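Raw entry.pdb, PDB, C-alpha atoms:
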```
ATOM      1  CA  MET E  60      -9.237  14.382  33.002
ATOM      2  CA  ASP E  61     -10.889  12.513  35.875
ATOM      3  CA  ASN E  62      -8.677   9.496  36.573
ATOM      4  CA  SER E  63     -11.409   7.834  38.624
ATOM      5  CA  LYS E  64     -13.606   7.422  35.548
ATOM      6  CA  TYR E  65     -13.607   4.598  33.014
ATOM      7  CA  LEU E  66     -12.627   4.729  29.349
ATOM      8  CA  LYS E  67     -15.382   4.144  26.813
ATOM      9  CA  LEU E  68     -15.010   4.381  23.029
ATOM     10  CA  PHE E  69     -17.867   6.035  21.170
ATOM     11  CA  SER E  70     -19.691   3.220  19.383
ATOM     12  CA  ASP E  71     -19.446   4.885  15.968
ATOM     13  CA  CYS E  72     -15.677   5.397  16.279
ATOM     14  CA  ILE E  73     -14.050   2.210  15.045
ATOM     15  CA  PRO E  74     -10.300   1.544  15.262
ATOM     16  CA  VAL E  75      -8.900  -0.405  12.293
ATOM     17  CA  LYS E  76      -5.382  -1.796  12.443
ATOM     18  CA  GLY E  77      -2.926  -1.630   9.552
ATOM     19  CA  ALA E  78       0.521  -3.104   9.114
ATOM     20  CA  SER E  79       2.421   0.024  10.180
ATOM     21  CA  ARG E  80      -0.252   2.354  11.513
ATOM     22  CA  SER E  81      -3.931   2.324  12.331
ATOM     23  CA  CYS E  82      -6.980   4.465  11.722
ATOM     24  CA  ILE E  83     -10.061   5.537  13.656
ATOM     25  CA  TYR E  84     -13.129   5.537  11.428
ATOM     26  CA  ASP E  85     -15.486   8.219  12.751
ATOM     27  CA  LEU E  86     -18.673   6.888  11.163
ATOM     28  CA  GLY E  87     -20.833   9.568  12.742
ATOM     29  CA  ARG E  88     -18.873  12.448  11.264
ATOM     30  CA  ASN E  89     -17.813  10.613   8.062
ATOM     31  CA  THR E  90     -14.136  11.297   8.725
ATOM     32  CA  TYR E  91     -11.067   9.387   9.809
ATOM     33  CA  GLN E  92      -7.973   9.924  11.930
ATOM     34  CA  LEU E  93      -4.664   8.131  11.446
ATOM     35  CA  ILE E  94      -3.116   6.875  14.675
ATOM     36  CA  PRO E  95      -0.042   4.832  15.667
ATOM     37  CA  ASN E  96      -0.546   1.114  16.245
ATOM     38  CA  ALA E  97       0.304   1.606  19.909
ATOM     39  CA  LEU E  98      -2.794   3.769  20.302
ATOM     40  CA  TYR E  99      -4.877   1.146  18.504
ATOM     41  CA  GLU E 100      -3.706  -1.453  21.028
ATOM     42  CA  LEU E 101      -4.637   0.853  23.888
ATOM     43  CA  LEU E 102      -8.150   1.294  22.504
ATOM     44  CA  VAL E 103      -8.862  -2.397  21.997
ATOM     45  CA  THR E 104      -7.211  -3.681  25.185
ATOM     46  CA  ASP E 105      -7.907  -0.910  27.696
ATOM     47  CA  GLU E 106     -11.465   0.103  26.845
ATOM     48  CA  GLY E 107     -13.642  -0.313  29.912
ATOM     49  CA  LYS E 108     -10.741   0.108  32.310
ATOM     50  CA  LYS E 109     -10.278   2.810  34.926
ATOM     51  CA  ILE E 110      -8.166   5.724  33.681
ATOM     52  CA  SER E 111      -5.855   5.589  36.710
ATOM     53  CA  ASP E 112      -5.284   1.856  36.112
ATOM     54  CA  ILE E 113      -4.489   2.438  32.439
ATOM     55  CA  ILE E 114      -1.921   5.095  33.308
ATOM     56  CA  GLU E 115      -0.422   2.957  36.045
ATOM     57  CA  GLN E 116      -0.086  -0.191  33.930
ATOM     58  CA  HIS E 117       1.862   1.893  31.409
ATOM     59  CA  ASP E 118       4.197   3.126  34.148
ATOM     60  CA  ASN E 119       2.766   6.649  34.087
ATOM     61  CA  HIS E 120       4.382   7.225  30.715
ATOM     62  CA  PRO E 121       3.642  10.773  29.502
ATOM     63  CA  VAL E 122       2.825   9.479  26.007
ATOM     64  CA  ILE E 123      -0.107   7.477  27.401
ATOM     65  CA  ILE E 124      -1.517  10.588  29.062
ATOM     66  CA  GLU E 125      -1.015  12.456  25.809
ATOM     67  CA  TYR E 126      -2.877   9.698  23.926
ATOM     68  CA  LEU E 127      -5.812   9.810  26.341
ATOM     69  CA  GLU E 128      -6.073  13.587  26.174
ATOM     70  CA  PHE E 129      -5.968  13.442  22.377
ATOM     71  CA  LEU E 130      -8.768  10.865  22.306
ATOM     72  CA  LEU E 131     -10.894  12.970  24.649
ATOM     73  CA  THR E 132     -10.288  16.230  22.786
ATOM     74  CA  SER E 133     -11.095  14.538  19.469
ATOM     75  CA  GLU E 134     -14.270  13.063  20.998
ATOM     76  CA  PHE E 135     -13.332   9.485  20.120
ATOM     77  CA  ILE E 136     -13.763   8.420  23.752
ATOM     78  CA  TYR E 137     -15.699   9.588  26.772
ATOM     79  CA  LEU E 138     -15.343   8.917  30.481
ATOM     80  CA  CYS E 139     -18.068   7.322  32.569
ATOM     81  CA  ASP E 140     -18.729   5.542  35.861
ATOM     82  CA  LYS E 141     -18.213   1.785  35.995
ATOM     83  CA  LYS E 142     -21.936   1.080  36.320
ATOM     84  CA  GLU E 143     -22.552   3.031  33.124
ATOM     85  CA  LEU E 144     -20.287   0.889  30.933
ATOM     86  CA  LYS E 145     -22.982  -1.684  30.174
ATOM     87  CA  ARG E 146     -25.484   0.994  29.200
ATOM     88  CA  PHE E 147     -23.633   1.690  25.941
ATOM     89  CA  PRO E 148     -23.444  -1.534  23.906
ATOM     90  CA  LYS E 149     -21.372  -1.917  20.766
ATOM     91  CA  LEU E 150     -23.018  -1.369  17.413
ATOM     92  CA  THR E 151     -23.730  -4.402  15.275
ATOM     93  CA  HIS E 152     -22.071  -4.128  11.888
ATOM     94  CA  LYS E 153     -24.115  -6.568   9.852
ATOM     95  CA  TYR E 154     -24.807  -5.308   6.334
ATOM     96  CA  LEU E 155     -28.442  -5.748   5.336
ATOM     97  CA  SER E 156     -30.066  -4.612   2.108
ATOM     98  CA  PRO E 157     -33.274  -5.720   0.392
ATOM     99  CA  ASP E 158     -31.967  -4.470  -2.962
ATOM    100  CA  HIS E 159     -30.826  -6.925  -5.638
ATOM    101  CA  ILE E 160     -28.692  -4.256  -7.329
ATOM    102  CA  THR E 161     -27.535  -1.247  -5.296
ATOM    103  CA  ASN E 162     -25.391   0.550  -7.864
ATOM    104  CA  ALA E 163     -24.721   0.548 -11.592
ATOM    105  CA  ILE E 164     -22.199   1.963 -14.050
ATOM    106  CA  LEU E 165     -23.464   2.950 -17.478
ATOM    107  CA  ILE E 166     -20.865   3.731 -20.149
ATOM    108  CA  ARG E 167     -22.124   5.663 -23.148
ATOM    109  CA  ASP E 168     -20.534   6.656 -26.450
ATOM    110  CA  GLN E 169     -21.802   7.609 -29.898
ATOM    111  CA  LYS E 170     -22.438   3.959 -30.808
ATOM    112  CA  SER E 171     -24.422   3.082 -27.681
ATOM    113  CA  ASN E 172     -27.964   1.994 -28.438
ATOM    114  CA  PHE E 173     -29.400   1.474 -24.980
ATOM    115  CA  ASP E 174     -32.490   3.355 -23.893
ATOM    116  CA  PHE E 175     -31.505   5.213 -20.735
ATOM    117  CA  LYS E 176     -35.069   5.536 -19.463
ATOM    118  CA  THR E 177     -35.725   1.808 -19.893
ATOM    119  CA  ILE E 178     -32.556   0.925 -17.997
ATOM    120  CA  ILE E 179     -33.482   3.279 -15.149
ATOM    121  CA  ASN E 180     -36.883   1.588 -14.912
ATOM    122  CA  GLN E 181     -35.266  -1.869 -14.779
ATOM    123  CA  LEU E 182     -32.747  -0.775 -12.150
ATOM    124  CA  GLU E 183     -35.473   0.840 -10.080
ATOM    125  CA  GLU E 184     -37.375  -2.456 -10.074
ATOM    126  CA  LEU E 185     -34.302  -4.098  -8.515
ATOM    127  CA  GLY E 186     -33.841  -1.388  -5.877
ATOM    128  CA  CYS E 187     -30.846   0.428  -7.376
ATOM    129  CA  LYS E 188     -30.178   3.722  -5.574
ATOM    130  CA  HIS E 189     -26.970   4.920  -7.237
ATOM    131  CA  ILE E 190     -25.725   5.130 -10.813
ATOM    132  CA  GLN E 191     -22.521   6.358 -12.383
ATOM    133  CA  LEU E 192     -22.893   7.615 -15.933
ATOM    134  CA  ILE E 193     -19.616   7.602 -17.863
ATOM    135  CA  ILE E 194     -19.749   9.485 -21.147
ATOM    136  CA  THR E 195     -16.830   8.956 -23.521
ATOM    137  CA  GLU E 196     -17.845  11.559 -26.097
ATOM    138  CA  ASP E 197     -18.235  15.318 -26.155
ATOM    139  CA  ILE E 198     -21.767  15.974 -25.017
ATOM    140  CA  ASN E 199     -24.005  19.006 -24.997
ATOM    141  CA  ILE E 200     -25.190  20.019 -21.528
ATOM    142  CA  GLU E 201     -28.796  19.842 -22.730
ATOM    143  CA  ILE E 202     -28.356  16.206 -23.748
ATOM    144  CA  LEU E 203     -26.863  15.435 -20.356
ATOM    145  CA  LYS E 204     -29.785  17.203 -18.695
ATOM    146  CA  SER E 205     -32.277  15.162 -20.727
ATOM    147  CA  LEU E 206     -30.613  11.943 -19.596
ATOM    148  CA  ILE E 207     -30.633  12.925 -15.941
ATOM    149  CA  ASP E 208     -34.242  14.113 -16.200
ATOM    150  CA  HIS E 209     -35.241  10.474 -16.768
ATOM    151  CA  THR E 210     -34.448   9.873 -13.098
ATOM    152  CA  ASN E 211     -36.795  12.563 -11.777
ATOM    153  CA  LYS E 212     -39.524  10.180 -10.627
ATOM    154  CA  SER E 213     -37.240   7.278  -9.761
ATOM    155  CA  ILE E 214     -36.035   5.952  -6.406
ATOM    156  CA  LEU E 215     -32.455   6.851  -7.313
ATOM    157  CA  GLN E 216     -30.710   8.789  -4.572
ATOM    158  CA  ALA E 217     -27.414   9.673  -6.227
ATOM    159  CA  ILE E 218     -25.991  10.138  -9.711
ATOM    160  CA  ASP E 219     -22.308  10.504 -10.531
ATOM    161  CA  VAL E 220     -21.334  11.710 -13.988
ATOM    162  CA  THR E 221     -17.992  11.369 -15.747
ATOM    163  CA  ILE E 222     -17.534  13.516 -18.851
ATOM    164  CA  PRO E 223     -14.671  14.982 -20.925
ATOM    165  CA  TRP E 224     -13.413  18.445 -19.998
ATOM    166  CA  LYS E 225     -13.915  21.326 -22.433
ATOM    167  CA  ASN E 226     -13.512  24.624 -20.584
ATOM    168  CA  ASN E 227     -14.448  26.521 -17.414
ATOM    169  CA  ASP E 228     -17.992  27.037 -18.678
ATOM    170  CA  ASP E 229     -18.574  23.367 -17.856
ATOM    171  CA  ILE E 230     -18.327  24.101 -14.135
ATOM    172  CA  GLN E 231     -21.168  26.605 -14.057
ATOM    173  CA  ASN E 232     -23.284  24.396 -16.324
ATOM    174  CA  ILE E 233     -22.919  21.500 -13.908
ATOM    175  CA  ILE E 234     -23.715  23.694 -10.907
ATOM    176  CA  GLU E 235     -26.910  24.844 -12.609
ATOM    177  CA  LEU E 236     -27.777  21.246 -13.471
ATOM    178  CA  ASN E 237     -27.345  20.272  -9.836
ATOM    179  CA  LYS E 238     -29.779  23.013  -8.808
ATOM    180  CA  GLN E 239     -32.370  21.427 -11.079
ATOM    181  CA  ASN E 240     -31.715  17.843  -9.993
ATOM    182  CA  LYS E 241     -30.284  17.264  -6.512
ATOM    183  CA  ARG E 242     -29.618  13.610  -7.312
ATOM    184  CA  LEU E 243     -26.517  14.790  -9.159
ATOM    185  CA  LYS E 244     -23.898  14.423  -6.411
ATOM    186  CA  ARG E 245     -20.510  14.178  -8.086
ATOM    187  CA  VAL E 246     -19.037  15.049 -11.476
ATOM    188  CA  TYR E 247     -15.656  13.965 -12.818
ATOM    189  CA  PHE E 248     -14.108  15.861 -15.713
ATOM    190  CA  TYR E 249     -11.284  13.980 -17.428
ATOM    191  CA  ASN E 250      -8.625  15.034 -19.959
ATOM    192  CA  ALA E 251      -8.407  18.443 -18.279
ATOM    193  CA  ASP E 252      -5.342  20.705 -18.337
ATOM    194  CA  HIS E 253      -5.181  20.827 -14.516
ATOM    195  CA  ASN E 254      -6.303  19.061 -11.371
ATOM    196  CA  GLU E 255      -8.848  20.758  -9.143
ATOM    197  CA  ILE E 256     -11.506  19.755  -6.632
ATOM    198  CA  ILE E 257     -14.537  21.987  -6.092
ATOM    199  CA  ASN E 258     -16.802  21.194  -3.157
ATOM    200  CA  LYS E 259     -20.231  22.763  -3.151
ATOM    201  CA  GLU E 260     -22.892  22.218  -0.523
ATOM    202  CA  GLU E 261     -24.471  19.240  -2.312
ATOM    203  CA  LEU E 262     -22.084  18.686  -5.189
ATOM    204  CA  ASP E 263     -18.469  17.606  -5.668
ATOM    205  CA  ILE E 264     -16.695  18.509  -8.906
ATOM    206  CA  LEU E 265     -13.372  16.827  -9.683
ATOM    207  CA  ILE E 266     -11.364  18.220 -12.592
ATOM    208  CA  LEU E 267      -8.676  15.711 -13.511
ATOM    209  CA  LYS E 268      -5.809  15.363 -15.933
ATOM    210  CA  ASN E 269      -6.529  11.656 -16.058
ATOM    211  CA  SER E 270      -7.401  10.027 -19.346
ATOM    212  CA  LYS E 271     -10.716   8.370 -20.098
ATOM    213  CA  GLU E 272      -9.081   4.968 -19.577
ATOM    214  CA  ASP E 273      -7.740   6.008 -16.165
ATOM    215  CA  ILE E 274     -11.179   7.132 -15.070
ATOM    216  CA  ILE E 275     -12.998   4.039 -16.300
ATOM    217  CA  THR E 276     -10.551   1.503 -14.905
ATOM    218  CA  ASN E 277      -9.322   3.559 -11.919
ATOM    219  CA  SER E 278      -6.298   1.273 -12.053
ATOM    220  CA  SER E 279      -5.220   2.010  -8.498
ATOM    221  CA  PRO E 280      -6.918   3.392  -5.372
ATOM    222  CA  ASP E 281      -6.721   7.087  -4.703
ATOM    223  CA  PRO E 282      -7.590   9.042  -1.517
ATOM    224  CA  SER E 283     -10.152  11.086  -3.457
ATOM    225  CA  TYR E 284     -12.214   7.903  -3.767
ATOM    226  CA  PHE E 285     -12.192   7.137  -0.041
ATOM    227  CA  ARG E 286     -15.578   7.093   1.683
ATOM    228  CA  VAL E 287     -16.140   6.925   5.427
ATOM    229  CA  ASN E 288     -19.704   6.104   6.372
ATOM    230  CA  MET E 289     -21.638   3.463   8.274
ATOM    231  CA  THR E 290     -23.130   1.744   5.221
ATOM    232  CA  LEU E 291     -19.852   1.339   3.349
ATOM    233  CA  PHE E 292     -18.022   0.232   6.505
ATOM    234  CA  ASN E 293     -20.597  -2.446   7.285
ATOM    235  CA  GLU E 294     -20.690  -3.631   3.685
ATOM    236  CA  SER E 295     -16.899  -3.849   3.426
ATOM    237  CA  LEU E 296     -16.723  -6.177   6.428
ATOM    238  CA  GLY E 297     -18.512  -8.929   4.546
ATOM    239  CA  TYR E 298     -18.490  -7.926   0.897
ATOM    240  CA  ASN E 299     -16.399  -6.270  -1.775
ATOM    241  CA  SER E 300     -17.229  -2.575  -1.500
ATOM    242  CA  PHE E 301     -16.962  -2.070  -5.270
ATOM    243  CA  PHE E 302     -18.352  -5.249  -6.820
ATOM    244  CA  ASN E 303     -21.124  -6.142  -4.384
ATOM    245  CA  ARG E 304     -24.528  -5.846  -6.099
ATOM    246  CA  LYS E 305     -23.019  -3.835  -8.939
ATOM    247  CA  LEU E 306     -24.070  -3.963 -12.583
ATOM    248  CA  ILE E 307     -22.081  -2.561 -15.491
ATOM    249  CA  ILE E 308     -23.312  -1.781 -18.999
ATOM    250  CA  ASP E 309     -20.458  -1.001 -21.349
ATOM    251  CA  GLU E 310     -20.377   1.207 -24.440
ATOM    252  CA  LYS E 311     -21.416  -1.797 -26.584
ATOM    253  CA  ASP E 312     -24.538  -2.282 -24.456
ATOM    254  CA  ASN E 313     -23.139  -5.480 -22.906
ATOM    255  CA  ILE E 314     -24.027  -6.411 -19.335
ATOM    256  CA  LYS E 315     -20.821  -7.084 -17.361
ATOM    257  CA  ARG E 316     -19.584  -7.633 -13.825
ATOM    258  CA  THR E 317     -16.294  -5.670 -13.997
ATOM    259  CA  LEU E 318     -14.628  -2.772 -15.805
ATOM    260  CA  ASP E 319     -11.599  -4.942 -16.525
ATOM    261  CA  GLN E 320     -10.897  -5.241 -20.251
ATOM    262  CA  LYS E 321      -9.389  -8.683 -19.598
ATOM    263  CA  ASP E 322     -12.693  -9.906 -18.176
ATOM    264  CA  THR E 323     -14.488 -10.950 -21.363
ATOM    265  CA  LYS E 324     -17.445 -12.543 -19.602
ATOM    266  CA  ILE E 325     -20.704 -11.037 -20.881
ATOM    267  CA  PHE E 326     -24.130 -11.724 -19.399
ATOM    268  CA  GLY E 327     -26.215 -10.544 -22.307
ATOM    269  CA  ASN E 328     -26.919  -7.323 -24.135
ATOM    270  CA  ILE E 329     -29.173  -4.758 -22.501
ATOM    271  CA  THR E 330     -31.071  -4.253 -25.770
ATOM    272  CA  SER E 331     -32.323  -7.854 -25.592
ATOM    273  CA  THR E 332     -31.708  -9.082 -22.019
ATOM    274  CA  LYS E 333     -33.604  -8.075 -18.895
ATOM    275  CA  ILE E 334     -31.359  -7.254 -15.961
ATOM    276  CA  LYS E 335     -33.473  -9.330 -13.568
ATOM    277  CA  GLU E 336     -32.723 -12.420 -15.691
ATOM    278  CA  ILE E 337     -29.014 -12.425 -14.797
ATOM    279  CA  ILE E 338     -28.739 -11.140 -11.220
ATOM    280  CA  ASN E 339     -28.752 -14.639  -9.686
ATOM    281  CA  ASP E 340     -26.101 -15.987 -12.055
ATOM    282  CA  GLU E 341     -23.181 -17.225  -9.908
ATOM    283  CA  GLY E 342     -20.686 -15.957 -12.464
ATOM    284  CA  PHE E 343     -22.216 -12.493 -12.351
ATOM    285  CA  ARG E 344     -21.887 -12.475  -8.547
ATOM    286  CA  LYS E 345     -18.344 -13.929  -8.544
ATOM    287  CA  TYR E 346     -16.622 -11.034  -6.770
ATOM    288  CA  TRP E 347     -19.418  -9.883  -4.476
ATOM    289  CA  ASN E 348     -18.116 -11.669  -1.359
ATOM    290  CA  VAL E 349     -14.391 -10.999  -1.878
ATOM    291  CA  ASN E 350     -13.905  -8.439   0.871
ATOM    292  CA  LYS E 351     -10.667  -6.570   1.558
ATOM    293  CA  ASP E 352      -9.908  -8.710   4.621
ATOM    294  CA  SER E 353      -9.470 -11.688   2.291
ATOM    295  CA  ILE E 354      -7.201  -9.968  -0.267
ATOM    296  CA  LYS E 355      -3.418 -10.042   0.041
ATOM    297  CA  THR E 356      -1.899  -6.705   1.117
ATOM    298  CA  CYS E 357      -5.344  -5.074   1.387
ATOM    299  CA  LYS E 358      -5.970  -7.030   4.582
ATOM    300  CA  ASP E 359      -2.995  -5.200   6.111
ATOM    301  CA  CYS E 360      -4.148  -1.728   5.033
ATOM    302  CA  GLU E 361      -5.683   0.764   7.460
ATOM    303  CA  PHE E 362      -7.809   2.207   4.610
ATOM    304  CA  ARG E 363      -9.429  -1.105   3.630
ATOM    305  CA  HIS E 364     -12.911  -0.249   4.881
ATOM    306  CA  MET E 365     -13.111   3.136   3.135
ATOM    307  CA  CYS E 366     -11.415   2.213  -0.156
ATOM    308  CA  VAL E 367     -13.656   1.535  -3.149
ATOM    309  CA  ASP E 368     -11.209  -0.313  -5.386
ATOM    310  CA  THR E 369     -12.213  -1.110  -8.980
ATOM    311  CA  ARG E 370      -9.343  -3.509  -9.624
ATOM    312  CA  THR E 371     -10.474  -7.080 -10.277
ATOM    313  CA  PRO E 372      -9.152  -9.579  -7.700
ATOM    314  CA  ILE E 373      -7.485 -12.790  -8.866
ATOM    315  CA  HIS E 374      -7.622 -16.112  -7.012
ATOM    316  CA  GLU E 375      -4.360 -18.051  -7.145
ATOM    317  CA  ASN E 376      -2.592 -20.412  -4.739
ATOM    318  CA  GLN E 377      -5.596 -20.390  -2.427
ATOM    319  CA  GLU E 378      -5.581 -16.618  -1.912
ATOM    320  CA  TRP E 379      -6.961 -13.491  -3.503
ATOM    321  CA  HIS E 380      -4.649 -10.785  -4.785
ATOM    322  CA  TYR E 381      -4.455  -8.031  -7.392
ATOM    323  CA  GLU E 382      -2.384  -8.236 -10.538
ATOM    324  CA  LYS E 383      -1.754  -4.492 -10.566
ATOM    325  CA  LYS E 384       0.050  -3.106  -7.551
ATOM    326  CA  CYS E 385      -1.729  -0.541  -5.427
ATOM    327  CA  SER E 386      -0.410   3.021  -5.364
ATOM    328  CA  TYR E 387      -0.363   2.842  -1.553
ATOM    329  CA  ASP E 388       2.010   0.647   0.439
ATOM    330  CA  PRO E 389       0.584  -0.103   3.906
ATOM    331  CA  TYR E 390       3.954  -1.411   5.086
ATOM    332  CA  THR E 391       5.815   1.852   4.427
ATOM    333  CA  ASN E 392       2.785   4.220   4.494
ATOM    334  CA  THR E 393       3.850   5.754   1.186
ATOM    335  CA  TRP E 394       1.959   6.707  -1.974
ATOM    336  CA  THR E 395       3.277   6.463  -5.513
ATOM    337  CA  ASN E 396       1.916   8.366  -8.469
TER     338      ASN E 396
END
```

What does this structure look like when you write it as C-alpha cells?
Amino acid sequence: MDNSKYLKLFSDCIPVKGASRSCIYDLGRNTYQLIPNALYELLVTDEGKKISDIIEQHDNHPVIIEYLEFLLTSEFIYLCDKKELKRFPKLTHKYLSPDHITNAILIRDQKSNFDFKTIINQLEELGCKHIQLIITEDINIEILKSLIDHTNKSILQAIDVTIPWKNNDDIQNIIELNKQNKRLKRVYFYNADHNEIINKEELDILILKNSKEDIITNSSPDPSYFRVNMTLFNESLGYNSFFNRKLIIDEKDNIKRTLDQKDTKIFGNITSTKIKEIINDEGFRKYWNVNKDSIKTCKDCEFRHMCVDTRTPIHENQEWHYEKKCSYDPYTNTWTN
C-alpha cells in the first residue's frame, strides 16, 4: 500500500450505517459486505485524505491498517494522486422512471375471472416491466405455460411465479419453461416438505415450507428477499421499495394497493375498471413515498436499502412504524424465526 496516495471510494460502493453495524452496498457487483461502524466512519470522514495522514491521525493503530488493506483487497477503494480526486465525481442517486406502474402482483385462484392477456396489455400501456403471479390452486404446467405465453410480445422484463409444491417433477418442468420464456426469473414453491434454493444461470427456484399465507403476506423480511442493485438502491432513498408504483389484483379480481388483509380499500374490479383510471388516486398512492428512512426501526437498519418489505406501514404519533415486528433486530444484529 502506497502511503503517499489518497483514499478514494469507488462510486458504486455505498456505505450505509446501521445502529450496531454498517454495510457496503456494492452496486456494481450486486453484493454487499457487512462492516463495523468504525469502518463506516473512516470511509465517510477520511475519503479524499492521504493514506499516511489517515494512519497517523489514528495513532498508527494496526486495526486501521488492517481496515485499509481489507478495503483495497475487496476493491471498495482505490488509491490515487491528489490531483486525480476531482476526476471521479460521486454518482447521483435520483430515482427517475417514466413508468406509471413498474410492477404488479396478480393473485389467481379457481374463482378468479380476470383475463390475464387483457391485464398484461393494460399494464404494458402503463410501462410495467415486472409481474409476480401468485397461484393459490394446483395448476397444470401447461396452463401455467399458456398464461406466461401471453407475455411473449410484451415489454415485460421479468416474471416471478408462486405456486404450490407437488413433487420434484415440478423443478424440471419449471426449468424447461424458463428455456422457452426467459422472462421467467424466479419461482417460489410453497407448502413443500423441505427448504431448498436452486440457482440456475437465469432462474432462481425457491422451495419453501412456508404456507400460502406466509408467501402472500411475507409477514416479515427475510434475507432471501434482499436485492442489491442500483435501481432498487436509488428508489429506496426516496420511495418505498415495495409499494412504489405497485398494483395488486387479488383473487376476487379487486384492484388494491397492499397485500394486507386489514386494508379493505378497493379501487375497483379489474373486470370493469381500467387500471389507468385509478393510478392517480391519492389513496392508491398512499404508501409510495414512505421510504425506509422515515420508518421507525427500519431507519436504523443497515439492510434498509436492499430490503423489499411487504408489511404495510402505519402512521401514528407523527411517525411511521410497522404493527408486526421485523424478524431482524438492527440493535442486536440478530434474526428470529

| Near stretch 199-202 of chain E, counting all atoms listed in the file, which residues have an atom at most 10 Å away, once you skip same-chain residues fewer than 4 positions from it, shown as JSON, numbers by chain? | {"E": [206, 207, 208, 229, 232, 233, 236]}

| Surrounding residues of stretch 122-132 of chain E excluding itself and chain neighbours under 2 positions, 12 Å, only C-alpha atoms, as a count of residues only | 42

| query | Between atom CA of E:Cys357 and atom CA of E:Gln320, what is the distance, to one decimal in Å? | reply |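 Atom CA of E:Gln320 lies at a distance of 22.3 Å from atom CA of E:Cys357.
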
| Which of E:Arg245, E:His380, E:Arg286, E:Lys321 sits closest to E:Ile230 [using all atoms listed in the file] | E:Arg245

| said: Given all atoms listed in the file as the basis, pick out the residue of E:Phe326, E:Tyr154, E:Phe173, E:Phe248 nearest to E:Thr290. | reply: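 Selected residue with least distance to E:Thr290: E:Tyr154.
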
| field | Distance criterion (all atoms listed in the file): nearest to E:Phe175 out of E:Ile329, E:Ile274, E:Leu144, E:Ile264 | value |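 So, comparing all the options, the nearest one is E:Ile329.
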
| message | Give me the residues near E:Ser295 as a list in words, where near means some atom within 8 Å (using all atoms listed in the file) and where sequence neighbours in that chain fewer than 5 positions away do not count. | response |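 Contacts, with the query itself left out: Ser300, Asn350, Lys351, Arg363, His364 and Met365 of chain E.
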
With C-alpha atoms retained, export the selected residues as a short mmCIF file (atom, residue, chain, number, x, y, z; two decimals), in the frame of the given file.
```
data_model
loop_
_atom_site.label_atom_id
_atom_site.label_comp_id
_atom_site.auth_asym_id
_atom_site.auth_seq_id
_atom_site.Cartn_x
_atom_site.Cartn_y
_atom_site.Cartn_z
CA SER E 300 -17.23 -2.58 -1.50
CA ASN E 350 -13.90 -8.44 0.87
CA LYS E 351 -10.67 -6.57 1.56
CA ARG E 363 -9.43 -1.10 3.63
CA HIS E 364 -12.91 -0.25 4.88
CA MET E 365 -13.11 3.14 3.14
#
```

| message | Selection in question (the file shown): the PyMOL selection byres ((chain E and resi 269) around 6). Which residues does it include, as an MDAnalysis selection string? | response | chainID E and resid 249:250 267:268 270 273

| task | Provide the atom CA of E:Gly297 to atom CA of E:Phe147 distance in Å, to one decimal place. | result | 24.4 Å

| said: Neighbouring residues of E:Ile166 were defined as those with any atom within 6 Å, considering all atoms listed in the file; residues of the same chain fewer than 5 positions away were excluded. Please report them as a PyMOL selection string. | reply: chain E and resi 193-194+309-310
